[in-house]
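J.: I'm passing along my_file-v2.cif; it holds mmCIF, C-alpha atoms.
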```
data_input
loop_
_atom_site.label_atom_id
_atom_site.label_comp_id
_atom_site.auth_asym_id
_atom_site.auth_seq_id
_atom_site.Cartn_x
_atom_site.Cartn_y
_atom_site.Cartn_z
CA MET E 721 -33.88 -8.44 -11.08
CA ALA E 722 -33.24 -5.11 -12.72
CA GLU E 723 -29.84 -4.36 -14.05
CA ILE E 724 -27.27 -2.83 -11.72
CA LYS E 725 -26.14 0.62 -12.77
CA ARG E 726 -22.59 1.45 -11.81
CA ASP E 727 -21.35 4.97 -11.21
CA GLU E 728 -18.75 6.17 -13.69
CA ASP E 729 -15.92 6.89 -11.35
CA GLY E 730 -14.84 4.36 -8.81
CA LYS E 731 -11.99 4.38 -6.36
CA VAL E 732 -9.17 2.05 -7.33
CA ILE E 733 -6.68 0.71 -4.83
CA ARG E 734 -3.71 -1.43 -5.79
CA ILE E 735 -2.95 -4.15 -3.31
CA GLU E 736 0.74 -4.95 -3.20
CA GLU E 737 1.85 -4.48 0.38
CA GLU E 738 0.34 -5.03 3.77
CA HIS E 739 -0.51 -1.39 4.39
CA HIS E 740 -2.55 -1.33 1.18
CA VAL E 741 -5.01 -3.69 2.87
CA ASP E 742 -5.54 -1.12 5.57
CA MET E 743 -5.81 1.61 2.96
CA ALA E 744 -8.58 -0.36 1.23
CA ARG E 745 -10.40 -0.79 4.53
CA ARG E 746 -10.12 2.91 5.35
CA THR E 747 -11.32 3.91 1.89
CA ALA E 748 -14.28 1.54 2.18
CA LYS E 749 -15.14 3.07 5.52
CA GLU E 750 -14.97 6.60 4.11
CA CYS E 751 -17.12 5.70 1.08
CA SER E 752 -19.62 3.92 3.27
CA VAL E 753 -19.99 6.83 5.67
CA LEU E 754 -20.22 9.25 2.76
CA MET E 755 -23.02 7.23 1.19
CA GLY E 756 -24.96 7.27 4.43
CA PHE E 757 -24.50 3.76 5.77
CA GLY E 758 -24.90 3.45 9.53
CA GLU E 759 -22.07 2.64 11.90
CA VAL E 760 -22.69 -1.08 12.06
CA LYS E 761 -23.12 -1.55 8.30
CA THR E 762 -19.99 0.56 7.80
CA ALA E 763 -18.07 -1.72 10.15
CA LEU E 764 -19.36 -4.78 8.30
CA ILE E 765 -18.39 -3.35 4.91
CA ALA E 766 -14.97 -2.22 6.12
CA THR E 767 -14.23 -5.60 7.67
CA SER E 768 -15.34 -7.47 4.54
CA VAL E 769 -13.03 -5.31 2.46
CA SER E 770 -10.22 -5.94 4.91
CA GLU E 771 -10.77 -9.72 4.65
CA LEU E 772 -10.93 -9.88 0.87
CA ALA E 773 -8.12 -7.40 0.27
CA ARG E 774 -5.96 -9.45 2.60
CA ASN E 775 -6.88 -12.57 0.64
CA ILE E 776 -5.51 -10.88 -2.48
CA LEU E 777 -2.25 -10.15 -0.68
CA VAL E 778 -1.91 -13.59 0.90
CA HIS E 779 -2.96 -15.74 -2.06
CA ALA E 780 -2.12 -13.73 -5.17
CA GLY E 781 0.53 -11.31 -3.90
CA LYS E 782 -1.05 -8.41 -5.72
CA GLY E 783 -4.32 -7.28 -7.21
CA THR E 784 -6.85 -4.50 -7.36
CA VAL E 785 -9.78 -3.31 -5.28
CA VAL E 786 -12.39 -1.04 -6.89
CA LEU E 787 -15.08 0.70 -4.85
CA ARG E 788 -18.08 2.13 -6.62
CA ALA E 789 -21.55 3.48 -5.87
CA ILE E 790 -24.28 1.51 -7.61
CA SER E 791 -28.00 1.75 -8.07
CA GLN E 792 -30.75 -0.62 -9.08
CA GLU E 793 -34.39 -0.14 -9.90
CA GLU E 794 -36.47 -1.86 -7.34
CA ASN E 795 -39.48 -3.98 -8.33
CA PRO E 796 -39.88 -2.28 -11.69
CA PRO E 797 -43.64 -1.88 -12.06
CA SER E 798 -45.26 -3.11 -15.25
CA PRO E 799 -46.79 -0.58 -17.62
CA PRO E 800 -49.03 1.41 -17.64
CA PHE E 801 -47.79 2.21 -14.15
CA GLY E 802 -44.20 2.43 -15.37
CA LYS E 803 -41.67 5.06 -14.60
CA GLY E 804 -43.32 8.28 -13.54
CA GLY E 805 -46.74 6.68 -13.87
CA LEU E 806 -47.97 6.33 -10.37
CA GLY E 807 -45.59 8.15 -8.10
CA GLY E 808 -43.91 6.12 -5.40
CA PHE E 809 -43.84 2.95 -7.45
CA SER E 810 -40.57 3.38 -9.22
CA GLY E 811 -38.11 3.08 -6.38
CA GLU E 812 -34.40 2.99 -6.90
CA ARG E 813 -32.06 1.57 -4.35
CA ARG E 814 -28.50 2.72 -3.92
CA GLY E 815 -25.62 0.73 -2.69
CA LEU E 816 -21.89 0.19 -2.58
CA GLU E 817 -20.13 -2.39 -4.70
CA ILE E 818 -16.56 -3.45 -4.19
CA VAL E 819 -14.68 -5.57 -6.72
CA PHE E 820 -11.58 -7.57 -5.83
CA ALA E 821 -9.54 -8.83 -8.74
CA ASP E 822 -6.27 -10.71 -8.89
CA GLN E 823 -4.30 -12.97 -11.20
CA GLY E 824 -3.41 -15.40 -8.47
CA PRO E 825 -3.77 -19.17 -8.31
CA GLY E 826 -7.57 -18.97 -8.15
CA ILE E 827 -10.00 -20.85 -5.96
CA GLU E 828 -10.35 -24.49 -6.85
CA ASP E 829 -13.42 -25.38 -4.84
CA ILE E 830 -15.52 -22.26 -4.25
CA GLU E 831 -18.31 -24.18 -2.48
CA ARG E 832 -15.90 -25.62 0.03
CA VAL E 833 -14.28 -22.26 0.73
CA LEU E 834 -17.68 -20.64 1.22
CA LYS E 835 -18.60 -23.21 3.86
CA GLY E 836 -15.83 -21.76 6.00
CA GLY E 837 -13.10 -23.33 8.05
CA TYR E 838 -11.04 -24.38 5.02
CA SER E 839 -7.73 -22.69 4.38
CA THR E 840 -4.69 -23.40 2.26
CA LYS E 841 -2.58 -20.94 4.23
CA GLY E 842 -3.01 -22.14 7.79
CA SER E 843 -5.35 -19.32 8.75
CA SER E 844 -8.81 -19.72 10.20
CA GLY E 845 -10.43 -20.00 6.77
CA ILE E 846 -13.48 -17.99 7.72
CA GLY E 847 -12.60 -14.73 5.98
CA LEU E 848 -14.41 -15.32 2.68
CA SER E 849 -17.46 -16.97 4.19
CA GLY E 850 -17.54 -14.29 6.86
CA ALA E 851 -17.46 -11.55 4.22
CA LYS E 852 -20.37 -13.23 2.44
CA ARG E 853 -22.38 -13.19 5.67
CA MET E 854 -21.50 -9.58 6.36
CA MET E 855 -22.53 -8.32 2.91
CA ASP E 856 -25.89 -8.46 1.11
CA GLU E 857 -24.55 -10.03 -2.05
CA MET E 858 -21.41 -11.79 -3.18
CA GLU E 859 -20.39 -13.17 -6.55
CA ILE E 860 -17.22 -15.09 -7.24
CA GLU E 861 -15.59 -15.86 -10.55
CA SER E 862 -12.57 -18.06 -10.22
CA GLY E 863 -10.95 -21.28 -11.16
CA SER E 864 -7.65 -23.02 -10.71
CA GLY E 865 -5.00 -20.91 -12.43
CA LYS E 866 -7.52 -18.36 -13.67
CA GLY E 867 -7.21 -15.70 -11.02
CA THR E 868 -10.09 -14.55 -8.89
CA THR E 869 -12.68 -11.79 -9.15
CA ILE E 870 -15.11 -11.20 -6.31
CA TRP E 871 -17.97 -8.71 -6.24
CA ILE E 872 -19.58 -7.76 -2.94
CA ARG E 873 -22.54 -5.39 -2.49
CA LYS E 874 -24.33 -3.74 0.35
CA TRP E 875 -27.58 -1.83 -0.18
CA LEU E 876 -28.58 1.24 1.74
CA MET Z 675 22.57 -1.75 -39.93
CA ALA Z 676 21.41 -1.12 -36.40
CA LYS Z 677 24.84 -1.89 -35.10
CA LYS Z 678 26.39 0.68 -37.37
CA GLU Z 679 24.07 3.40 -36.01
CA GLY Z 680 25.20 2.60 -32.50
CA LEU Z 681 28.81 2.79 -33.48
CA ASN Z 682 28.22 6.05 -35.22
CA ILE Z 683 26.71 7.67 -32.17
CA SER Z 684 29.35 6.28 -29.87
CA GLU Z 685 32.07 7.43 -32.20
CA LEU Z 686 30.54 10.84 -32.44
CA LEU Z 687 30.26 11.13 -28.67
CA ALA Z 688 33.84 10.04 -28.19
CA LYS Z 689 35.19 12.28 -30.91
CA LYS Z 690 33.30 15.40 -29.89
CA GLU Z 691 33.21 14.87 -26.14
CA LYS Z 692 34.89 18.18 -25.39
CA GLU Z 693 32.69 20.20 -27.72
CA ILE Z 694 29.51 18.53 -26.49
CA LEU Z 695 30.53 19.29 -22.92
CA ASP Z 696 31.05 22.95 -23.76
CA ALA Z 697 27.71 23.25 -25.49
CA TRP Z 698 25.92 21.35 -22.77
CA THR Z 699 27.37 23.42 -19.93
CA LYS Z 700 26.43 26.55 -21.79
CA ALA Z 701 22.85 25.34 -22.15
CA GLN Z 702 22.77 24.61 -18.43
CA ALA Z 703 23.26 28.26 -17.62
CA ASP Z 704 19.62 28.86 -18.47
CA ILE Z 705 18.29 26.41 -15.96
CA THR Z 706 16.50 28.14 -13.12
CA ALA Z 707 18.05 26.08 -10.37
CA PHE Z 708 21.47 27.09 -11.62
CA LYS Z 709 20.44 30.73 -11.44
CA LYS Z 710 19.24 30.22 -7.90
CA GLY Z 711 22.88 29.62 -7.01
CA LEU Z 712 22.39 26.09 -5.74
CA ILE Z 713 25.43 24.99 -7.62
CA THR Z 714 28.44 26.81 -9.07
CA GLU Z 715 29.37 26.79 -12.72
CA LYS Z 716 32.58 24.96 -11.91
CA GLN Z 717 30.76 22.20 -10.02
CA LEU Z 718 28.27 21.88 -12.82
CA ARG Z 719 31.00 21.56 -15.40
CA GLU Z 720 32.86 18.95 -13.37
CA GLU Z 721 29.74 16.91 -12.87
CA SER Z 722 28.78 17.17 -16.51
CA ALA Z 723 32.26 16.14 -17.59
CA ARG Z 724 32.16 13.10 -15.33
CA PHE Z 725 28.74 12.02 -16.54
CA LEU Z 726 29.63 12.52 -20.19
CA GLY Z 727 32.86 10.57 -19.73
CA ILE Z 728 31.04 7.67 -18.12
CA LEU Z 729 28.34 7.74 -20.78
CA VAL Z 730 30.86 7.72 -23.61
CA ARG Z 731 32.49 4.63 -22.10
CA ALA Z 732 29.12 2.92 -21.67
CA VAL Z 733 28.01 3.42 -25.27
CA ALA Z 734 31.45 2.61 -26.66
CA GLY Z 735 30.33 -0.96 -27.40
CA GLY Z 736 27.35 0.27 -29.42
CA ASN Z 737 24.70 -0.70 -26.86
CA LEU Z 738 22.14 2.08 -26.66
CA GLU Z 739 19.19 0.01 -25.53
CA ASP Z 740 19.84 -2.25 -22.60
CA ILE Z 741 20.80 -0.03 -19.68
CA THR Z 742 20.83 -3.04 -17.34
CA ALA Z 743 23.87 -4.41 -19.20
CA PRO Z 744 27.14 -4.43 -17.25
CA GLU Z 745 28.68 -1.60 -19.32
CA TYR Z 746 26.00 0.67 -17.84
CA ASP Z 747 26.78 -0.21 -14.23
CA GLU Z 748 28.83 2.92 -13.76
CA VAL Z 749 26.17 5.09 -15.40
CA ASN Z 750 23.50 3.71 -13.11
CA LYS Z 751 25.70 4.18 -10.09
CA PHE Z 752 26.51 7.74 -11.06
CA LEU Z 753 22.84 8.62 -11.63
CA ALA Z 754 21.76 7.14 -8.30
CA ASN Z 755 24.38 9.17 -6.40
CA PHE Z 756 23.68 12.18 -8.56
CA SER Z 757 19.95 12.08 -7.81
CA VAL Z 758 20.57 11.84 -4.08
CA SER Z 759 23.16 14.61 -3.99
CA ARG Z 760 21.04 16.92 -6.13
CA ALA Z 761 18.02 16.32 -3.89
CA SER Z 762 20.10 17.08 -0.82
CA ILE Z 763 21.09 20.51 -2.10
CA GLY Z 764 17.51 21.38 -2.98
CA PHE Z 765 16.90 20.36 -6.56
CA SER Z 766 13.45 19.03 -7.34
CA PRO Z 767 13.30 15.62 -9.03
CA SER Z 768 12.06 17.17 -12.27
CA GLU Z 769 14.97 19.62 -12.30
CA THR Z 770 17.37 16.73 -11.87
CA ALA Z 771 15.73 14.76 -14.67
CA THR Z 772 15.66 17.87 -16.88
CA TYR Z 773 19.42 18.14 -16.47
CA ILE Z 774 19.86 14.67 -17.94
CA PHE Z 775 17.29 15.33 -20.66
CA SER Z 776 19.08 18.53 -21.62
CA LEU Z 777 22.07 16.53 -22.80
CA LYS Z 778 19.72 15.03 -25.35
CA ASP Z 779 19.04 18.41 -26.97
CA THR Z 780 22.71 19.23 -27.13
CA VAL Z 781 23.73 15.93 -28.65
CA LEU Z 782 20.86 15.99 -31.13
CA ARG Z 783 22.29 19.17 -32.58
CA PHE Z 784 25.62 17.44 -33.08
CA LEU Z 785 23.87 14.48 -34.67
CA GLN Z 786 22.16 16.85 -37.03
CA ASP Z 787 25.49 18.32 -38.13
CA GLU Z 788 26.96 14.88 -38.59
CA PHE Z 789 24.14 13.09 -40.37
CA GLY Z 790 22.30 16.06 -41.83
CA ASP Z 791 22.66 14.65 -45.33
CA GLN Z 792 21.45 11.15 -44.39
CA PRO Z 793 17.87 11.54 -43.16
CA ALA Z 794 17.29 7.82 -42.58
CA GLU Z 795 20.46 7.45 -40.51
CA LEU Z 796 19.73 10.66 -38.68
CA SER Z 797 16.24 9.69 -37.59
CA LYS Z 798 17.44 6.29 -36.41
CA ALA Z 799 20.24 7.86 -34.42
CA VAL Z 800 17.94 10.50 -32.96
CA ILE Z 801 15.35 7.98 -31.85
CA GLY Z 802 17.97 5.65 -30.40
CA PHE Z 803 19.72 8.34 -28.44
CA SER Z 804 16.48 9.95 -27.26
CA MET Z 805 15.22 6.70 -25.85
CA LEU Z 806 18.47 6.09 -24.07
CA MET Z 807 18.47 9.52 -22.45
CA ASP Z 808 14.81 9.18 -21.45
CA LYS Z 809 15.61 5.96 -19.64
CA LEU Z 810 18.59 7.53 -17.88
CA GLY Z 811 16.56 10.57 -16.86
CA LEU Z 812 13.91 8.34 -15.36
CA ILE Z 813 16.51 6.55 -13.26
CA THR Z 814 17.11 9.77 -11.37
CA VAL Z 815 13.38 10.08 -10.67
CA GLU Z 816 13.13 6.47 -9.57
CA THR Z 817 16.08 6.86 -7.23
CA TYR Z 818 14.46 9.94 -5.76
CA VAL Z 819 11.20 8.10 -5.15
CA LYS Z 820 13.05 5.18 -3.63
CA ALA Z 821 14.90 7.48 -1.26
CA ARG Z 822 11.57 8.94 -0.16
CA GLU Z 823 10.15 5.48 0.40
CA ASP Z 824 13.12 4.65 2.59
CA VAL Z 825 12.33 7.70 4.70
CA ILE Z 826 8.71 6.60 5.05
CA ARG Z 827 9.77 3.10 6.02
CA GLU Z 828 12.08 4.52 8.69
CA GLN Z 829 9.27 6.65 10.05
CA GLN Z 830 6.99 3.64 10.19
CA LYS Z 831 9.60 1.86 12.23
CA SER Z 832 9.85 4.65 14.76
CA LEU Z 833 6.08 4.85 14.92
CA LEU Z 834 6.05 1.17 15.75
CA GLU Z 835 8.29 1.74 18.71
CA ILE Z 836 6.17 4.39 20.35
CA SER Z 837 2.90 2.71 19.69
CA THR Z 838 3.11 -0.44 21.75
CA PRO Z 839 3.54 0.45 25.39
CA VAL Z 840 2.92 -2.06 28.14
CA ILE Z 841 1.95 -0.40 31.41
CA GLN Z 842 2.06 -1.88 34.85
CA VAL Z 843 -0.94 -0.33 36.61
CA TRP Z 844 -0.74 -2.37 39.80
CA GLU Z 845 1.23 -5.23 41.28
CA GLU Z 846 0.80 -8.15 38.91
CA ILE Z 847 -1.51 -6.23 36.57
CA LEU Z 848 -0.41 -5.12 33.11
CA VAL Z 849 -2.42 -2.99 30.71
CA LEU Z 850 -1.78 -3.14 26.99
CA PRO Z 851 -3.60 -0.26 25.33
CA LEU Z 852 -3.72 -1.02 21.62
CA ILE Z 853 -4.15 1.92 19.29
CA GLY Z 854 -4.32 1.87 15.51
CA THR Z 855 -4.12 -0.89 12.98
CA ILE Z 856 -2.56 -4.16 14.01
CA ASP Z 857 -0.52 -5.38 11.07
CA SER Z 858 1.85 -8.30 11.19
CA ALA Z 859 4.86 -6.22 12.23
CA ARG Z 860 2.97 -4.61 15.08
CA ALA Z 861 1.47 -7.89 16.21
CA LYS Z 862 4.99 -9.27 16.53
CA GLN Z 863 6.15 -6.22 18.44
CA ILE Z 864 3.16 -6.34 20.78
CA MET Z 865 3.76 -10.01 21.51
CA GLU Z 866 7.46 -9.46 22.27
CA ASN Z 867 6.89 -6.42 24.45
CA LEU Z 868 4.13 -8.11 26.38
CA LEU Z 869 5.96 -11.35 27.07
CA GLU Z 870 9.06 -9.47 28.21
CA SER Z 871 6.98 -7.29 30.51
CA ILE Z 872 5.20 -10.28 32.01
CA VAL Z 873 8.55 -11.73 33.01
CA ALA Z 874 9.99 -8.43 34.18
CA THR Z 875 7.02 -7.46 36.35
CA LYS Z 876 5.97 -10.97 37.39
CA SER Z 877 2.43 -10.14 36.38
CA SER Z 878 -0.43 -12.58 36.43
CA ILE Z 879 -3.12 -10.56 34.70
CA VAL Z 880 -2.95 -8.74 31.37
CA ILE Z 881 -5.69 -6.38 30.28
CA MET Z 882 -5.64 -5.94 26.54
CA ASP Z 883 -7.64 -2.89 25.56
CA ILE Z 884 -8.69 -2.51 21.93
CA THR Z 885 -10.68 0.74 22.26
CA GLY Z 886 -8.27 2.39 19.82
CA VAL Z 887 -8.27 -0.38 17.23
CA PRO Z 888 -10.37 0.75 14.27
CA ALA Z 889 -11.27 -2.66 12.87
CA VAL Z 890 -10.96 -6.29 13.80
CA ASP Z 891 -11.07 -8.77 10.96
CA THR Z 892 -10.25 -12.47 11.22
CA GLU Z 893 -6.54 -11.85 10.80
CA VAL Z 894 -6.41 -9.22 13.54
CA ALA Z 895 -8.55 -11.43 15.78
CA ASN Z 896 -6.15 -14.31 15.22
CA ARG Z 897 -3.18 -12.12 16.07
CA LEU Z 898 -4.85 -11.06 19.30
CA LEU Z 899 -5.75 -14.65 20.14
CA ARG Z 900 -2.19 -15.81 19.52
CA THR Z 901 -0.83 -13.08 21.78
CA MET Z 902 -3.26 -14.06 24.51
CA GLN Z 903 -2.32 -17.71 24.15
CA ALA Z 904 1.36 -16.87 24.47
CA ALA Z 905 0.65 -14.80 27.60
CA LYS Z 906 -1.29 -17.69 29.03
CA LEU Z 907 1.68 -19.99 28.50
CA MET Z 908 3.73 -17.55 30.55
CA GLY Z 909 1.22 -17.88 33.34
CA ALA Z 910 -0.66 -14.64 32.80
CA GLU Z 911 -4.39 -14.51 32.38
CA CYS Z 912 -5.75 -12.19 29.69
CA VAL Z 913 -8.79 -9.96 29.72
CA LEU Z 914 -9.88 -8.35 26.46
CA THR Z 915 -11.56 -4.98 26.91
CA GLY Z 916 -12.78 -2.05 24.85
CA ILE Z 917 -14.81 -3.98 22.32
CA SER Z 918 -17.07 -1.46 20.60
CA PRO Z 919 -20.64 -2.39 19.62
CA GLN Z 920 -19.60 -2.32 15.93
CA ILE Z 921 -16.64 -4.61 16.45
CA SER Z 922 -18.72 -6.94 18.57
CA GLN Z 923 -21.37 -7.26 15.82
CA THR Z 924 -18.74 -7.67 13.15
CA LEU Z 925 -17.07 -10.47 15.08
CA VAL Z 926 -20.39 -12.28 15.48
CA HIS Z 927 -21.16 -11.94 11.77
CA ILE Z 928 -17.77 -13.03 10.63
CA GLY Z 929 -17.77 -16.00 12.95
CA VAL Z 930 -14.67 -15.38 15.04
CA ASP Z 931 -14.80 -17.56 18.12
CA LEU Z 932 -13.87 -15.60 21.22
CA SER Z 933 -15.71 -17.90 23.61
CA GLY Z 934 -12.50 -18.96 25.30
CA VAL Z 935 -11.53 -15.38 26.07
CA THR Z 936 -12.51 -13.35 29.09
CA THR Z 937 -13.95 -10.08 27.77
CA ARG Z 938 -15.27 -6.92 29.36
CA ALA Z 939 -16.84 -3.90 27.69
CA SER Z 940 -14.50 -1.30 29.14
CA LEU Z 941 -11.00 -1.02 30.55
CA ARG Z 942 -12.60 0.00 33.86
CA ASP Z 943 -14.55 -3.25 34.07
CA GLY Z 944 -11.43 -5.16 33.16
CA LEU Z 945 -9.49 -3.50 35.95
CA ALA Z 946 -12.28 -4.23 38.44
CA LEU Z 947 -12.18 -7.87 37.40
CA ALA Z 948 -8.41 -7.97 37.82
CA PHE Z 949 -8.68 -6.54 41.34
CA ARG Z 950 -11.27 -9.13 42.23
CA LYS Z 951 -9.10 -11.96 40.95
CA LEU Z 952 -6.19 -10.72 43.03
CA LYS Z 953 -8.51 -10.36 46.01
CA LEU Z 954 -7.94 -6.63 46.17
CA LYS Z 955 -10.57 -4.18 47.20
CA VAL Z 956 -10.78 -0.49 46.43
CA THR Z 957 -12.53 1.43 49.16
CA LYS Z 958 -13.14 5.04 49.91
CA MET Z 959 -10.99 6.48 52.65
CA GLU Z 960 -12.77 7.30 55.84
CA VAL Z 961 -12.00 10.79 56.89
#
```
Just give me the structure as structure tokens.

T.:
Amino acid sequence: MAEIKRDEDGKVIRIEEEHHVDMARRTAKECSVLMGFGEVKTALIATSVSELARNILVHAGKGTVVLRAISQEENPPSPPFGKGGLGGFSGERRGLEIVFADQGPGIEDIERVLKGGYSTKGSSGIGLSGAKRMMDEMEIESGSGKGTTIWIRKWL
Amino acid sequence: MAKKEGLNISELLAKKEKEILDAWTKAQADITAFKKGLITEKQLREESARFLGILVRAVAGGNLEDITAPEYDEVNKFLANFSVSRASIGFSPSETATYIFSLKDTVLRFLQDEFGDQPAELSKAVIGFSMLMDKLGLITVETYVKAREDVIREQQKSLLEISTPVIQVWEEILVLPLIGTIDSARAKQIMENLLESIVATKSSIVIMDITGVPAVDTEVANRLLRTMQAAKLMGAECVLTGISPQISQTLVHIGVDLSGVTTRASLRDGLALAFRKLKLKVTKMEV
């Protein structure tokens, strides 16, 4: 896969109180609409952001959400039909990436959490797995005591 | 060494308190807010005298760094009140902070006179005193911000009160039109209001309409489910209406199980269902 290019300026939202979660969701919705996502995809993105931002609040107490437009070259054609060679070949897809970072306790068993239905806080435990289903891509970097960083992406 | 600097400044402040006050008050006359007539020269001088007096006592022990120490209690208290009272008569937070900072300039001139021939001592004293005054100036800004936050919090509370009405639309039928985000505080309020209304109106059917709820994630869904469960325990059946196509698809994707809940697309359908359950029939009048 081609490298993901990230736009210079992203929107940063600090998550420290409950209303910040809603602020993150609203911002995600605005960005999504602005980028041209349809109503349903916008709802899926906004809800994913709401889930993961709430996870920051519930598990780590505080953290950061960064929203950013991204692009990626699609099926880069091999030379001599490279960029600008045969028109229509070099497609570029655009998308929205949202990063959730915290210095909380971390996720011990990522696989188990992604299966859904497992929670350490007495909630339904389907937030993270649900967000993964709602988005196109999700990456998690975490470990016990190491904090958590989650990237989610949706392509236009 | 460091201790001696502290003592020097404190001694200087104590010794020249009157002169510093005079110079400081004079410098104040240039401040725009003062010209605007928000405060009289006499008030200004009294306030300045009080602050300087308190400050001299606080630094008397030589502590110029830790403003959380007990000797600074009175300074902190004064600044908090000062910030609030200044804001109430129309000073901007930067004007209030500038007032505190302006003492720095005045005192630095006195330090210069005192230690002019000892550059090393002078620079130490200047840096120490500057840092102290910066910290104190920022306290006034922080207090101001905190006061504003309190106002916002109060407004949120009053918003909460108006935003969770429970309406009895017919005998035994309650409608709960939910509008806006459902955070934990609102969920609690909704639950309380609803349960009280069920008892008060002896209702058996509750229509919960979420047309005005912008997003339903797992947490919001759980809050709704808990409210419905509580209503059920009180003997009232719940119908969830106003689920938009987007919310419906989101709920399916995310995996929230609403299979145990009676749902209808619109409030109208929900009301029709409620009438049917109560064996009521709406007919057109024959003329």

J.: Using all atoms listed in the file, which residue out of Z:Leu686, Z:Glu823, Z:Gln903, Z:Asp808 lies closest to Asp787 (chain Z)?

T.: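 Once distances to Asp787 (chain Z) are computed over all atoms listed in the file, the minimum belongs to Z:Leu686.
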
J.: Any chance you could resolve the PyMOL selection byres ((chain Z and resi 916) around 10) against this file and give the residues as a PDB file with C-alpha atoms, in the coordinates of the input?

T.:
```
ATOM      1  CA  PRO Z 851      -3.600  -0.260  25.330  1.00  0.00           C
ATOM      2  CA  LEU Z 852      -3.720  -1.020  21.620  1.00  0.00           C
ATOM      3  CA  ILE Z 881      -5.690  -6.380  30.280  1.00  0.00           C
ATOM      4  CA  MET Z 882      -5.640  -5.940  26.540  1.00  0.00           C
ATOM      5  CA  ASP Z 883      -7.640  -2.890  25.560  1.00  0.00           C
ATOM      6  CA  ILE Z 884      -8.690  -2.510  21.930  1.00  0.00           C
ATOM      7  CA  THR Z 885     -10.680   0.740  22.260  1.00  0.00           C
ATOM      8  CA  GLY Z 886      -8.270   2.390  19.820  1.00  0.00           C
ATOM      9  CA  VAL Z 887      -8.270  -0.380  17.230  1.00  0.00           C
ATOM     10  CA  LEU Z 914      -9.880  -8.350  26.460  1.00  0.00           C
ATOM     11  CA  THR Z 915     -11.560  -4.980  26.910  1.00  0.00           C
ATOM     12  CA  ILE Z 917     -14.810  -3.980  22.320  1.00  0.00           C
ATOM     13  CA  SER Z 918     -17.070  -1.460  20.600  1.00  0.00           C
ATOM     14  CA  PRO Z 919     -20.640  -2.390  19.620  1.00  0.00           C
ATOM     15  CA  ILE Z 921     -16.640  -4.610  16.450  1.00  0.00           C
ATOM     16  CA  SER Z 922     -18.720  -6.940  18.570  1.00  0.00           C
ATOM     17  CA  THR Z 937     -13.950 -10.080  27.770  1.00  0.00           C
ATOM     18  CA  ARG Z 938     -15.270  -6.920  29.360  1.00  0.00           C
ATOM     19  CA  ALA Z 939     -16.840  -3.900  27.690  1.00  0.00           C
ATOM     20  CA  SER Z 940     -14.500  -1.300  29.140  1.00  0.00           C
ATOM     21  CA  LEU Z 941     -11.000  -1.020  30.550  1.00  0.00           C
ATOM     22  CA  ARG Z 942     -12.600   0.000  33.860  1.00  0.00           C
ATOM     23  CA  ASP Z 943     -14.550  -3.250  34.070  1.00  0.00           C
ATOM     24  CA  GLY Z 944     -11.430  -5.160  33.160  1.00  0.00           C
TER      25      GLY Z 944
END
```

J.: Taking only C-alpha atoms into account, name the residue in Z:Gly790, Z:Gly934, Z:Gly909, Z:Gly854 that is nearest to chain E.

T.: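 Of the candidates, the smallest distance to chain E is held by Z:Gly854.
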
J.: Need the axis-aligned box for region 731-743 of chain E with 4 Å each side, so what are the centre and edges in Å to one decimal, as JSON?

T.:
```
{"center_x": -5.1, "center_y": -0.3, "center_z": -0.9, "size_x": 21.8, "size_y": 17.4, "size_z": 20.9}
```

J.: Give me, as CSV, each residue of chain Z that comes within 9 Å of chain E, together with its shortest interatomic pair and the distance in Å at one decimal, counting all atoms listed in the file, with rows ordered by chain and rising residue number.

T.:
```
residue,atom,partner,partner_atom,distance
Z:Thr855,CA,E:Asp742,CA,7.5
Z:Asp857,CA,E:Glu738,CA,7.4
Z:Ser858,CA,E:Glu738,CA,8.2
Z:Ala889,CA,E:Thr767,CA,6.7
Z:Val890,CA,E:Thr767,CA,7.0
Z:Asp891,CA,E:Thr767,CA,5.6
Z:Thr892,CA,E:Gly847,CA,6.2
Z:Glu893,CA,E:Glu771,CA,7.8
Z:Asn896,CA,E:Ser844,CA,7.8
Z:Pro919,CA,E:Val760,CA,7.9
Z:Gln920,CA,E:Val760,CA,5.1
Z:Ile921,CA,E:Ala763,CA,7.1
Z:Gln923,CA,E:Val760,CA,7.4
Z:Thr924,CA,E:Leu764,CA,5.7
Z:His927,CA,E:Met854,CA,5.9
Z:Ile928,CA,E:Gly850,CA,4.0
Z:Gly929,CA,E:Gly850,CA,6.3
Z:Val930,CA,E:Ile846,CA,7.9
```

J.: To one decimal place in Å, what is the distance between CA of Ser722 (chain Z) and CA of Val758 (chain Z)?

T.: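 So the answer is 15.8 Å.
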
J.: The PyMOL selection byres ((chain Z and resi 726) around 10) - which residues does that actually catch in the file I just gave you? List them as a list in words.

T.: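 Checked against the file, the PyMOL selection byres ((chain Z and resi 726) around 10) matches Leu687, Ala688, Glu691, Lys692, Ile694, Leu695, Trp698, Glu720, Glu721, Ser722, Ala723, Arg724, Phe725, Gly727, Ile728, Leu729, Val730, Arg731, Ala732, Val749 and Leu777 of chain Z.
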
J.: If the PyMOL selection byres ((chain Z and resi 809) around 12) is run on the structure shown, which residues does it catch, given as number ranges by chain?

T.: Z: 738-742, 746, 749-750, 753, 771, 774-775, 778, 802-808, 810-816

J.: In Å to one decimal, how far is CA of Phe820 (chain E) from CA of Gly783 (chain E)?

T.: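 If I compute the distance from CA of Gly783 (chain E) to CA of Phe820 (chain E), I get 7.4 Å.
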
J.: If I take CA of Gln842 (chain Z) and CA of Lys876 (chain Z), how far is one from the other in Å, to one decimal?

T.: 10.2 Å
